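So this one's coords29.cif, mmCIF, C-alpha atoms:
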data_input
loop_
_atom_site.group_PDB
_atom_site.id
_atom_site.type_symbol
_atom_site.label_atom_id
_atom_site.label_comp_id
_atom_site.auth_asym_id
_atom_site.auth_seq_id
_atom_site.Cartn_x
_atom_site.Cartn_y
_atom_site.Cartn_z
ATOM 1 C CA MET A 1 -14.210 -25.231 -10.390
ATOM 2 C CA VAL A 2 -12.739 -23.861 -13.606
ATOM 3 C CA THR A 3 -9.890 -26.052 -14.847
ATOM 4 C CA ASP A 4 -6.523 -24.730 -15.993
ATOM 5 C CA ASP A 5 -6.544 -26.906 -19.113
ATOM 6 C CA PRO A 6 -6.797 -24.443 -22.042
ATOM 7 C CA ARG A 7 -8.129 -27.194 -24.313
ATOM 8 C CA SER A 8 -11.337 -27.538 -22.280
ATOM 9 C CA ALA A 9 -12.101 -23.806 -22.055
ATOM 10 C CA LYS A 10 -13.497 -21.721 -24.887
ATOM 11 C CA ALA A 11 -14.366 -18.024 -24.948
ATOM 12 C CA TYR A 12 -17.367 -16.458 -26.642
ATOM 13 C CA SER A 13 -18.219 -12.856 -27.378
ATOM 14 C CA ILE A 14 -21.736 -12.258 -26.040
ATOM 15 C CA PRO A 15 -22.966 -8.702 -25.428
ATOM 16 C CA PHE A 16 -24.380 -8.306 -21.922
ATOM 17 C CA ARG A 17 -24.525 -5.730 -19.162
ATOM 18 C CA ALA A 18 -24.839 -5.865 -15.408
ATOM 19 C CA LEU A 19 -27.360 -3.671 -13.590
ATOM 20 C CA TRP A 20 -28.257 -3.227 -9.955
ATOM 21 C CA LEU A 21 -32.024 -3.144 -9.487
ATOM 22 C CA ARG A 22 -32.101 -1.011 -6.326
ATOM 23 C CA ARG A 23 -35.742 -1.467 -5.379
ATOM 24 C CA LYS A 24 -35.517 -5.251 -5.637
ATOM 25 C CA ASP A 25 -31.892 -5.357 -4.370
ATOM 26 C CA MET A 26 -30.987 -7.710 -7.209
ATOM 27 C CA ILE A 27 -28.168 -7.833 -9.726
ATOM 28 C CA ASP A 28 -29.501 -8.346 -13.233
ATOM 29 C CA LEU A 29 -27.157 -9.641 -15.937
ATOM 30 C CA ARG A 30 -29.012 -8.670 -19.116
ATOM 31 C CA ILE A 31 -27.972 -10.678 -22.123
ATOM 32 C CA SER A 32 -30.844 -9.762 -24.415
ATOM 33 C CA GLY A 33 -32.593 -6.436 -24.827
ATOM 34 C CA LYS A 34 -35.889 -8.258 -25.276
ATOM 35 C CA THR A 35 -38.262 -8.873 -22.382
ATOM 36 C CA PRO A 36 -38.219 -12.534 -21.341
ATOM 37 C CA ASP A 37 -41.291 -14.627 -20.661
ATOM 38 C CA ALA A 38 -42.187 -14.184 -16.982
ATOM 39 C CA ASP A 39 -43.004 -17.865 -16.515
ATOM 40 C CA ASN A 40 -40.117 -19.293 -18.573
ATOM 41 C CA TRP A 41 -37.216 -19.563 -16.121
ATOM 42 C CA THR A 42 -35.072 -22.006 -14.183
ATOM 43 C CA THR A 43 -32.732 -21.747 -11.215
ATOM 44 C CA ALA A 44 -28.949 -21.987 -11.271
ATOM 45 C CA GLU A 45 -26.157 -21.816 -8.726
ATOM 46 C CA ILE A 46 -23.918 -18.807 -9.312
ATOM 47 C CA VAL A 47 -20.796 -17.376 -7.723
ATOM 48 C CA ALA A 48 -20.289 -13.606 -7.815
ATOM 49 C CA HIS A 49 -16.569 -12.751 -7.915
ATOM 50 C CA ILE A 50 -15.562 -9.445 -6.288
ATOM 51 C CA ALA A 51 -12.093 -7.844 -6.407
ATOM 52 C CA ALA A 52 -11.210 -4.290 -5.364
ATOM 53 C CA TYR A 53 -14.896 -3.792 -4.461
ATOM 54 C CA ARG A 54 -15.948 -4.396 -8.092
ATOM 55 C CA LEU A 55 -18.054 -7.201 -9.489
ATOM 56 C CA VAL A 56 -15.459 -8.685 -11.856
ATOM 57 C CA GLY A 57 -17.476 -11.685 -12.987
ATOM 58 C CA VAL A 58 -20.161 -14.248 -12.384
ATOM 59 C CA SER A 59 -19.685 -18.025 -12.630
ATOM 60 C CA VAL A 60 -22.711 -20.140 -13.453
ATOM 61 C CA GLN A 61 -22.874 -23.897 -12.986
ATOM 62 C CA ASP A 62 -24.444 -25.387 -16.113
ATOM 63 C CA HIS A 63 -27.066 -28.122 -15.989
ATOM 64 C CA LYS A 64 -29.236 -29.938 -18.506
ATOM 65 C CA LYS A 65 -32.247 -27.623 -18.352
ATOM 66 C CA LEU A 66 -30.065 -24.503 -18.500
ATOM 67 C CA GLY A 67 -27.964 -25.641 -21.487
ATOM 68 C CA LEU A 68 -25.356 -22.865 -21.339
ATOM 69 C CA GLY A 69 -22.822 -24.767 -23.443
ATOM 70 C CA ARG A 70 -25.287 -25.437 -26.268
ATOM 71 C CA TRP A 71 -26.559 -21.868 -26.151
ATOM 72 C CA LEU A 72 -23.066 -20.345 -26.263
ATOM 73 C CA ARG A 73 -22.057 -22.483 -29.237
ATOM 74 C CA ALA A 74 -25.279 -21.539 -31.052
ATOM 75 C CA VAL A 75 -25.343 -17.751 -30.517
ATOM 76 C CA GLY A 76 -21.824 -16.764 -29.480
ATOM 77 C CA LYS A 77 -18.865 -15.948 -31.651
ATOM 78 C CA GLU A 78 -15.921 -18.057 -30.484
ATOM 79 C CA ILE A 79 -12.781 -16.009 -29.916
ATOM 80 C CA ALA A 80 -9.185 -16.881 -29.097
ATOM 81 C CA PHE A 81 -7.945 -16.076 -25.614
ATOM 82 C CA ASN A 82 -4.860 -16.618 -23.505
ATOM 83 C CA ALA A 83 -5.642 -18.273 -20.173
ATOM 84 C CA ARG A 84 -2.792 -16.346 -18.496
ATOM 85 C CA GLU A 85 -4.147 -12.902 -19.457
ATOM 86 C CA PRO A 86 -7.163 -11.088 -17.970
ATOM 87 C CA LEU A 87 -10.424 -11.840 -19.720
ATOM 88 C CA PRO A 88 -11.900 -8.631 -21.226
ATOM 89 C CA SER A 89 -15.384 -7.407 -20.362
ATOM 90 C CA GLY A 90 -18.274 -8.846 -22.344
ATOM 91 C CA ILE A 91 -16.635 -12.239 -22.837
ATOM 92 C CA VAL A 92 -18.019 -15.540 -21.583
ATOM 93 C CA ARG A 93 -15.530 -18.324 -20.899
ATOM 94 C CA TYR A 94 -17.051 -21.787 -20.868
ATOM 95 C CA ASP A 95 -15.173 -24.675 -19.292
ATOM 96 C CA GLU A 96 -16.361 -27.803 -21.082
ATOM 97 C CA ALA A 97 -14.801 -30.130 -18.512
ATOM 98 C CA GLY A 98 -16.312 -28.458 -15.438
ATOM 99 C CA GLN A 99 -19.421 -27.163 -17.240
ATOM 100 C CA ILE A 100 -19.032 -23.692 -15.769
ATOM 101 C CA ALA A 101 -19.626 -20.427 -17.619
ATOM 102 C CA TYR A 102 -17.776 -17.328 -16.433
ATOM 103 C CA PHE A 103 -19.269 -13.980 -17.486
ATOM 104 C CA SER A 104 -16.511 -11.350 -17.369
ATOM 105 C CA ILE A 105 -17.971 -8.025 -16.256
ATOM 106 C CA TRP A 106 -14.761 -6.206 -15.341
ATOM 107 C CA PRO A 107 -11.277 -7.485 -16.256
ATOM 108 C CA LEU A 108 -9.256 -8.654 -13.263
ATOM 109 C CA LEU A 109 -6.042 -6.742 -13.977
ATOM 110 C CA SER A 110 -4.168 -7.578 -10.800
ATOM 111 C CA ASN A 111 -3.968 -10.660 -8.653
ATOM 112 C CA ASP A 112 -2.945 -8.481 -5.695
ATOM 113 C CA ALA A 113 -6.497 -7.407 -4.816
ATOM 114 C CA GLU A 114 -8.312 -9.448 -2.206
ATOM 115 C CA THR A 115 -10.950 -11.583 -3.898
ATOM 116 C CA TYR A 116 -14.361 -12.406 -2.443
ATOM 117 C CA ASN A 117 -16.722 -15.076 -3.745
ATOM 118 C CA TYR A 118 -20.430 -14.982 -2.938
ATOM 119 C CA GLU A 119 -22.655 -17.950 -3.729
ATOM 120 C CA ARG A 120 -26.237 -17.195 -4.623
ATOM 121 C CA GLN A 121 -29.264 -18.938 -6.105
ATOM 122 C CA SER A 122 -30.206 -17.176 -9.333
ATOM 123 C CA LYS A 123 -33.120 -17.192 -11.727
ATOM 124 C CA VAL A 124 -32.282 -17.593 -15.401
ATOM 125 C CA TYR A 125 -34.971 -16.218 -17.724
ATOM 126 C CA PHE A 126 -35.451 -17.438 -21.298
ATOM 127 C CA LEU A 127 -36.961 -15.950 -24.441
ATOM 128 C CA GLN A 128 -39.633 -17.843 -26.393
ATOM 129 C CA ASN A 129 -36.986 -19.269 -28.742
ATOM 130 C CA GLY A 130 -35.060 -20.771 -25.806
ATOM 131 C CA SER A 131 -32.249 -18.199 -25.726
ATOM 132 C CA ILE A 132 -31.081 -16.960 -22.356
ATOM 133 C CA ALA A 133 -32.266 -13.410 -21.672
ATOM 134 C CA ARG A 134 -31.287 -12.648 -18.054
ATOM 135 C CA LEU A 135 -29.592 -13.912 -14.926
ATOM 136 C CA CYS A 136 -30.974 -12.338 -11.746
ATOM 137 C CA PHE A 137 -29.583 -12.930 -8.273
ATOM 138 C CA PRO A 138 -30.050 -11.241 -4.891
ATOM 139 C CA VAL A 139 -27.404 -9.029 -3.327
ATOM 140 C CA MET A 140 -28.284 -10.079 0.216
ATOM 141 C CA ASN A 141 -27.973 -13.631 1.411
ATOM 142 C CA LYS A 142 -30.656 -15.536 3.343
ATOM 143 C CA ARG A 143 -29.510 -13.959 6.604
ATOM 144 C CA GLY A 144 -29.934 -10.437 5.252
ATOM 145 C CA ARG A 145 -26.237 -9.686 4.806
ATOM 146 C CA ALA A 146 -24.727 -8.280 1.635
ATOM 147 C CA GLY A 147 -21.057 -7.965 2.590
ATOM 148 C CA VAL A 148 -18.709 -6.691 -0.093
ATOM 149 C CA LEU A 149 -21.252 -7.708 -2.757
ATOM 150 C CA GLY A 150 -23.429 -4.804 -1.574
ATOM 151 C CA ALA A 151 -20.596 -2.327 -2.117
ATOM 152 C CA ALA A 152 -19.866 -3.824 -5.552
ATOM 153 C CA ALA A 153 -23.536 -3.565 -6.527
ATOM 154 C CA GLY A 154 -23.421 0.131 -5.713
ATOM 155 C CA LEU A 155 -20.774 0.613 -8.428
ATOM 156 C CA LEU A 156 -22.967 -0.907 -11.144
ATOM 157 C CA ALA A 157 -25.396 1.020 -13.311
ATOM 158 C CA THR A 158 -28.764 1.240 -11.548
ATOM 159 C CA ARG A 159 -32.426 1.000 -12.473
#
Output the file's structure as structure tokens, nothing else.
Amino acid sequence: MVTDDPRSAKAYSIPFRALWLRRKDMIDLRISGKTPDADNWTTAEIVAHIAAYRLVGVSVQDHKKLGLGRWLRAVGKEIAFNAREPLPSGIVRYDEAGQIAYFSIWPLLSNDAETYNYERQSKVYFLQNGSIARLCFPVMNKRGRAGVLGAAAGLLATR
């Protein structure tokens, strides 16, 4: 869970884009334009956050092999942010205390919209230098249901 303590959270400017791979029925968060090594990946637990039928962000639980905190400090440009204001698109907020990275895809402008959270197992692909290249996670769950995540995927750019 992301803490409310502003001292433990930092924001980084990292260019990324979210795509819906229709044929694979996967959401692909592309952080690097380079093709990752096919056999250089690990798994991570993610939560897809949906509001007003839009994918507003993705939370990723960090672990030792993933090393999101180290990677963000190494490649990201730290920026100032106000915890009470919506996080702009293309910003990654990292909670040092909870070790959770939140990738903001669409700013959550209103708290009035009903929010849905979908947990998925994702694959995180790395480049040869150890940088994170992609986060890929399925739209459908193990039971074959997509729910509101399916509608949100339809609003993303497709490949």
| task | Go ahead and compute the interatomic distance for CA of Arg70 in chain A and CA of Ala97 in chain A, in Å to one decimal. | result |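 Atom-to-atom, CA of Arg70 in chain A to CA of Ala97 in chain A, that is 13.9 Å.
For the pair CA of Phe103 in chain A and CA of Arg134 in chain A, the interatomic distance is 12.1 Å.
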Identify, on the basis of only C-alpha atoms, every residue whose closest approach to Tyr94 in chain A does not exceed 8 Å; exclude the query and any residue fewer than 3 positions from it along the same chain; express the result as a JSON list (two decimals) with C-alpha atoms, in the coordinates of the input.
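Everything below was put into part-v5.json:
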[["chain", "number", "residue", "atom", "x", "y", "z"],
["A", 9, "ALA", "CA", -12.10, -23.81, -22.06],
["A", 10, "LYS", "CA", -13.50, -21.72, -24.89],
["A", 11, "ALA", "CA", -14.37, -18.02, -24.95],
["A", 12, "TYR", "CA", -17.37, -16.46, -26.64],
["A", 69, "GLY", "CA", -22.82, -24.77, -23.44],
["A", 99, "GLN", "CA", -19.42, -27.16, -17.24],
["A", 100, "ILE", "CA", -19.03, -23.69, -15.77],
["A", 101, "ALA", "CA", -19.63, -20.43, -17.62],
["A", 102, "TYR", "CA", -17.78, -17.33, -16.43]]
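Among the candidate residues A:Phe126, A:Arg120, A:Lys77, A:Gly33, the one lying nearest to Pro138 in chain A is A:Arg120, with distances computed using all atoms listed in the file.
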| said: I'd like the contact shell of Trp106 in chain A - 9 Å cut-off, all atoms listed in the file, skipping same-chain residues fewer than 3 positions apart - returned as a list in words. | reply: Arg54, Leu55, Val56, Gly57, Leu87, Pro88, Ser89, Gly90 and Leu109 of chain A
| task | For the file shown, report as a count of residues only the outcome of the PyMOL selection byres ((chain A and resi 125) around 9) at residue level. | result | 18
| query | For the atom pair CA of Glu96 in chain A and CA of His49 in chain A, what is the interatomic distance in Å to one decimal place? | reply |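 Rounded to one decimal, the two atoms are 20.0 Å apart.
Picked out by the PyMOL selection byres ((chain A and resi 14) around 9) when it runs on this file: Tyr12, Ser13, Pro15, Phe16, Ile31, Leu72, Val75, Gly76, Lys77, Gly90, Ile91 and Val92 of chain A.
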| query | Which is closer to Ala48 in chain A than all the others in A:Glu78, A:Asp95, A:Asp112, A:Asp28, using all atoms listed in the file? | reply | A:Asp28
| Of the candidates A:Ser122, A:Ser104, A:Ser32, A:Gln128, which shows the shortest atom-to-atom distance to Gln61 in chain A, using all atoms listed in the file? |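 Of A:Ser122, A:Ser104, A:Ser32, A:Gln128, the one nearest Gln61 in chain A is A:Ser122, counting all atoms listed in the file.
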| Pick the closest to Arg159 in chain A from A:Arg22, A:Arg73, A:Lys65, A:Arg17: which is it, counting all atoms listed in the file? |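 Closest candidate: A:Arg22.
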| said: At a cut-off of 6 Å, using only C-alpha atoms, what residues contact Tyr53 in chain A? Leave out same-chain residues fewer than 2 positions from it and give the result as a ChimeraX atom specification. | reply: /A:50-51,152
| request: Kindly indicate which residue among A:Glu114, A:Gln121, A:Gly130, A:Glu85 lies nearest to Trp71 in chain A, using only C-alpha atoms for the distances. | output: A:Gly130
| Out of A:Arg84, A:Thr158, A:Tyr118, A:Pro107, which residue has the shortest atom-to-atom distance to Asn141 in chain A when counting only C-alpha atoms? |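 Among the listed residues, the smallest separation from Asn141 in chain A belongs to A:Tyr118.
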| request: Taking the point (-26.4, -5.5, -14.8) as given in the file, collect each protein or nucleic acid residue that comes within 7 Å of it, counting all atoms listed in the file, and present the set as number ranges by chain. | output: A: 17-20, 27-30, 156-157
